[in-house]
Amino acid sequence: MATKPKTKAETLAWLRTIAGELATATLKRLEDTLPWYGDMPPSRRSAVGLVAQAGISSFISWFDDPRSTPWIAADVFGAAPRELLRSVSLQQTLQLIRVTVEVVEDRVKDGSEPLREAILLYSREIAFAAADVYARAAEARGLWDARLEALVVDSILSGEADDELPSRIAALGWHGHGEVAVLVGTAPKQLDVDHVRRAARHMHADVLIGVQGNRLVLVIGRADPLAREAEEAIGTAPALTFMEIAAQLEPHFGPGHLVLGHAVPNLVDASKSAKAALAGFAVARSWRHAPRPVHADDLLPERALAGDPLARATLVHRIYRPLRAHSTELLTTLWSYLDNGRSLEATARELFVHPNTVRYRLKRVSDVIGWDATGAREALILQSALIIGSMSDHEHGSTPPRRP
């Protein structure tokens, strides 16, 4: 049995002699006590072994000169390949440190008191160094994710989607499935991004977040469709509409208008919803009593007056042409009803029919296009559609139905 070392020089010489033995014992203890280590591929087990050996060597160097503390992270974790940080968690790294320290303590338990104290101090320093390494890696990843998310949101808003957009979205860990809608509002003074994401997850939704000047843009997608369907089956949590999701996310926006674009089939088509939401946000102030949030399609008249081609096309293709194709009689009745200030009696006199006939036709109009002409706001939307639709007919050389 080796003689117990007396001086620091003797202790250092003894530690250098048993360094290889300590490394071998550490690897054996890792295999015996840490299941995740044995499940690793050989290349990663070798990398973990290098970290353990570097830790022992670094301790000996540190014991010789404690002023080398700032170099612990570089000495120990510099031996590991970069991908090891992604495959070994901080918890596993701390387990590795604990096992290594236990092996060293068992071997030198008969050593001097300064040596045992040095082991305790060094283990604390190496644990802090490990936490610092992982914190820096997490910070770098967070900054990279934020830049990538901003790039994705910018691509969606500009409509400049390319072949790389799906891979970028996947890299962000997007959990949305199916339909997507874009919500645009004023950015708050202090935006808690994590709070917004947690709120969305509670509603089985995922969000991409972008801040452009004073605007906050959320790209909303429904997540966990299987879990949602299971909850619906037992009647505990019915699926929320995008408007309901937007209403619950409303407190995270600053003061001002909040506009939700229409739903689109997938994230790649989100630029269409974004264009509608941005156009609606630009003119929302023109509706004195606009709700918060408001649907972009409820702002179609203001958007059309502002020159939004998407709004004009929506009014024509979703209201005017379907109604004209279904029945010119319904289109004529609607036009007369709106021109007469939404008066059933005046409309009936102009068309030489009974007021109940007008009422019945207006109900059929609502069944065909989904808008109710008896409401003031929807009447404005329908009248805008009739005006723009008749202008479109004139531009294309077709004859609009005769107005009564």
# chains A, B, ... in the order shown; residues from 1 in each chain; ligands from 1
>>> residues_around(residues="A:Phe352", least_positions_apart="5", cutoff="12 Å", atoms="only C-alpha atoms", output="PyMOL selection string")
chain A and resi 333+336+344-347+357-358+404
>>> residues_around(residues="A:Ser123", least_positions_apart="2", cutoff="9 Å", atoms="only C-alpha atoms", output="PDB file with C-alpha atoms, in the first residue's frame")
ATOM      1  CA  PHE A  59      -8.480  19.017 -10.617  1.00  0.00           C
ATOM      2  CA  ILE A  97     -19.771  15.184 -11.873  1.00  0.00           C
ATOM      3  CA  ARG A  98     -21.184  13.557  -8.733  1.00  0.00           C
ATOM      4  CA  VAL A 101     -16.232  13.253  -7.261  1.00  0.00           C
ATOM      5  CA  ALA A 118      -9.891  20.968  -2.170  1.00  0.00           C
ATOM      6  CA  ILE A 119     -12.082  18.207  -3.636  1.00  0.00           C
ATOM      7  CA  LEU A 120     -15.200  19.753  -2.121  1.00  0.00           C
ATOM      8  CA  LEU A 121     -14.300  23.217  -3.357  1.00  0.00           C
ATOM      9  CA  GLU A 125     -16.589  25.104  -8.982  1.00  0.00           C
ATOM     10  CA  ILE A 126     -16.993  22.425 -11.652  1.00  0.00           C
ATOM     11  CA  ALA A 127     -20.765  22.262 -11.019  1.00  0.00           C
ATOM     12  CA  PHE A 128     -21.055  26.024 -11.460  1.00  0.00           C
TER      13      PHE A 128
END
>>> residues_around(residues="A:Leu315", least_positions_apart="5", cutoff="12 Å", atoms="only C-alpha atoms", output="PyMOL selection string")
chain A and resi 297-305+308-310+320-323+369+371+378+380-392
>>> closest_residue(among="A:Val219, A:Ala276, A:Leu34, A:Ala199", to="A:His262", atoms="only C-alpha atoms")
A:Ala276
